[in-house]
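A short write-up of the structure that comes next.
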Amino acid sequence: MFKALADPDRLRLLARLADGETCVTELAALEDQKVTTVSARLKLLLGARLVSRRREAKHMYYRLTDDHVLQIVITALEHSAEDTVSR
C-alpha cells in the first residue's frame with residue numbers, strides 16, 4: 001500500500017478521487033495523460049485496495065475504497081507539504 005502511495009502521480013489521482021467517483025477518461029483529461037497511463041496507475045491502486053471500480057457500458061469508474069483511504073491521502077498530502085528545513 002505504501003509503495004502505491006509513494007508515487008506523486010498516483011497520489012494525485014487519489015486526491016482527485018477524494019471528490020467522488022470519476023471515469024478513467026475524465027481522470028486522464030484532468031491529468032493531461034493518456035488513458036492507458038492513468039489506467040495502469042489505477043490498476044496498481046486497485047491492487048493495493050486503495051480504490052474500487054465499476055463498469056458502466058464502455059466506461060470504468062473508480063472511487064476511493066472507503067473513508068480510511070481518504071484519511072491516508074489527506075495525511076500523506078499534509079506530510080509532503082511540511083517544511084523539512086525545520087528538522
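Following the order of the C-alpha cells, first chain is A, next is B, and so on, with residues numbered from 1 inside each chain and ligands from 1 in the order they appear.
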Would you mind listing what lies within 12 Å of Thr75 of chain A as a tab-separated table (two decimals) with N, CA and C atoms, in the first residue's frame, with only C-alpha atoms counted and same-chain residues fewer than 6 positions away left out?
```tsv
chain	number	residue	atom	x	y	z
A	5	LEU	N	1.35	4.48	-2.65
A	5	LEU	CA	1.20	5.88	-2.25
A	5	LEU	C	2.46	6.71	-2.49
A	11	LEU	N	-0.70	9.43	-6.14
A	11	LEU	CA	-1.25	10.18	-5.02
A	11	LEU	C	-2.18	11.29	-5.52
A	15	ALA	N	-6.13	11.89	-4.74
A	15	ALA	CA	-6.66	13.19	-4.29
A	15	ALA	C	-7.84	13.60	-5.17
A	68	HIS	N	-11.21	5.42	5.16
A	68	HIS	CA	-9.86	5.23	5.66
A	68	HIS	C	-8.83	5.65	4.62
A	69	VAL	N	-9.11	5.35	3.37
A	69	VAL	CA	-8.20	5.74	2.29
A	69	VAL	C	-8.14	7.26	2.20
A	81	ALA	N	3.65	18.33	2.45
A	81	ALA	CA	3.68	19.79	2.44
A	81	ALA	C	4.42	20.39	3.63
A	82	GLU	N	4.83	19.54	4.58
A	82	GLU	CA	5.53	20.03	5.75
A	82	GLU	C	6.87	20.65	5.37
```
Query raised in the report: Neighbours of Asp9 of chain A within 9 Å (only C-alpha atoms; same-chain residues fewer than 2 positions away dropped), as a PyMOL selection string?
Result: chain A and resi 6-7+11-14+31+38+41
**Report entry** For Arg54 of chain A: contacts at 12 Å, only C-alpha atoms, fewer than 5 positions along chain excluded, given as a VMD selection string
**Finding:** chain A and resid 21 to 24 46 59 to 65
Could you dump the residues just selected with all heavy atoms as a short mmCIF file (atom, residue, chain, number, x, y, z; two decimals), in the first residue's frame?
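Just written: part-v3.cif:
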```
data_model
loop_
_atom_site.label_atom_id
_atom_site.label_comp_id
_atom_site.auth_asym_id
_atom_site.auth_seq_id
_atom_site.Cartn_x
_atom_site.Cartn_y
_atom_site.Cartn_z
N GLU A 21 -16.48 9.57 -7.21
CA GLU A 21 -16.26 8.61 -8.28
C GLU A 21 -16.04 9.34 -9.61
O GLU A 21 -16.74 10.29 -9.92
CB GLU A 21 -17.48 7.70 -8.38
CG GLU A 21 -17.35 6.61 -9.38
CD GLU A 21 -18.58 5.73 -9.41
OE1 GLU A 21 -19.63 6.21 -9.91
OE2 GLU A 21 -18.49 4.60 -8.95
N THR A 22 -15.05 8.86 -10.36
CA THR A 22 -14.69 9.52 -11.62
C THR A 22 -14.33 8.49 -12.67
O THR A 22 -13.69 7.48 -12.36
CB THR A 22 -13.50 10.48 -11.40
OG1 THR A 22 -13.77 11.32 -10.28
CG2 THR A 22 -13.27 11.35 -12.61
N CYS A 23 -14.68 8.77 -13.89
CA CYS A 23 -14.39 7.91 -15.03
C CYS A 23 -12.91 8.04 -15.42
O CYS A 23 -12.31 9.12 -15.28
CB CYS A 23 -15.26 8.33 -16.21
SG CYS A 23 -14.98 7.42 -17.71
N VAL A 24 -12.34 6.96 -15.89
CA VAL A 24 -10.92 6.96 -16.29
C VAL A 24 -10.65 8.02 -17.34
O VAL A 24 -9.64 8.73 -17.27
CB VAL A 24 -10.50 5.57 -16.81
CG1 VAL A 24 -9.08 5.61 -17.35
CG2 VAL A 24 -10.61 4.54 -15.73
N LEU A 46 -5.72 -0.21 -7.40
CA LEU A 46 -6.74 -1.24 -7.19
C LEU A 46 -6.12 -2.46 -6.51
O LEU A 46 -6.70 -3.01 -5.56
CB LEU A 46 -7.37 -1.63 -8.53
CG LEU A 46 -8.48 -2.66 -8.49
CD1 LEU A 46 -9.72 -2.08 -7.81
CD2 LEU A 46 -8.83 -3.12 -9.90
N HIS A 59 -17.45 2.53 -20.05
CA HIS A 59 -16.67 3.35 -19.14
C HIS A 59 -16.40 2.64 -17.81
O HIS A 59 -17.26 1.94 -17.29
CB HIS A 59 -17.39 4.67 -18.86
CG HIS A 59 -17.62 5.48 -20.10
ND1 HIS A 59 -16.62 6.23 -20.69
CD2 HIS A 59 -18.71 5.63 -20.88
CE1 HIS A 59 -17.09 6.81 -21.77
NE2 HIS A 59 -18.36 6.47 -21.91
N MET A 60 -15.20 2.87 -17.29
CA MET A 60 -14.82 2.33 -15.99
C MET A 60 -14.72 3.49 -15.01
O MET A 60 -14.04 4.49 -15.29
CB MET A 60 -13.47 1.61 -16.09
CG MET A 60 -13.11 0.80 -14.90
SD MET A 60 -14.19 -0.61 -14.63
CE MET A 60 -13.63 -1.72 -15.89
N TYR A 61 -15.41 3.37 -13.90
CA TYR A 61 -15.43 4.40 -12.87
C TYR A 61 -14.67 3.92 -11.64
O TYR A 61 -14.84 2.77 -11.21
CB TYR A 61 -16.87 4.74 -12.48
CG TYR A 61 -17.62 5.47 -13.56
CD1 TYR A 61 -18.25 4.78 -14.59
CD2 TYR A 61 -17.68 6.85 -13.57
CE1 TYR A 61 -18.92 5.44 -15.59
CE2 TYR A 61 -18.36 7.53 -14.58
CZ TYR A 61 -18.97 6.81 -15.58
OH TYR A 61 -19.64 7.49 -16.57
N TYR A 62 -13.86 4.81 -11.09
CA TYR A 62 -13.08 4.49 -9.90
C TYR A 62 -13.49 5.41 -8.76
O TYR A 62 -13.91 6.55 -8.97
CB TYR A 62 -11.58 4.67 -10.18
CG TYR A 62 -11.00 3.55 -10.99
CD1 TYR A 62 -11.11 3.52 -12.37
CD2 TYR A 62 -10.33 2.50 -10.37
CE1 TYR A 62 -10.59 2.48 -13.12
CE2 TYR A 62 -9.79 1.46 -11.11
CZ TYR A 62 -9.93 1.45 -12.48
OH TYR A 62 -9.40 0.42 -13.20
N ARG A 63 -13.34 4.88 -7.55
CA ARG A 63 -13.61 5.66 -6.34
C ARG A 63 -12.68 5.14 -5.24
O ARG A 63 -12.16 4.02 -5.33
CB ARG A 63 -15.07 5.53 -5.92
CG ARG A 63 -15.48 4.13 -5.53
CD ARG A 63 -16.98 4.04 -5.25
NE ARG A 63 -17.39 2.67 -5.09
CZ ARG A 63 -17.64 1.81 -6.09
NH1 ARG A 63 -17.49 2.21 -7.34
NH2 ARG A 63 -18.03 0.58 -5.85
N LEU A 64 -12.49 5.95 -4.21
CA LEU A 64 -11.72 5.50 -3.06
C LEU A 64 -12.47 4.35 -2.41
O LEU A 64 -13.70 4.35 -2.36
CB LEU A 64 -11.53 6.64 -2.06
CG LEU A 64 -10.76 7.87 -2.56
CD1 LEU A 64 -10.66 8.90 -1.45
CD2 LEU A 64 -9.37 7.48 -3.05
N THR A 65 -11.74 3.39 -1.90
CA THR A 65 -12.35 2.21 -1.30
C THR A 65 -13.24 2.57 -0.12
O THR A 65 -14.35 2.08 0.00
CB THR A 65 -11.28 1.21 -0.87
OG1 THR A 65 -10.48 0.88 -2.00
CG2 THR A 65 -11.90 -0.06 -0.32
#
```
**Report entry** Secondary structure check, helix (DSSP H, G or I) residues of segment 23-87 of chain A, as a ChimeraX atom specification
**Finding:** /A:24-31,35-47,67-81
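Distance-wise, atom CA of Pro8 of chain A and atom CA of Gly47 of chain A end up 17.2 Å apart.
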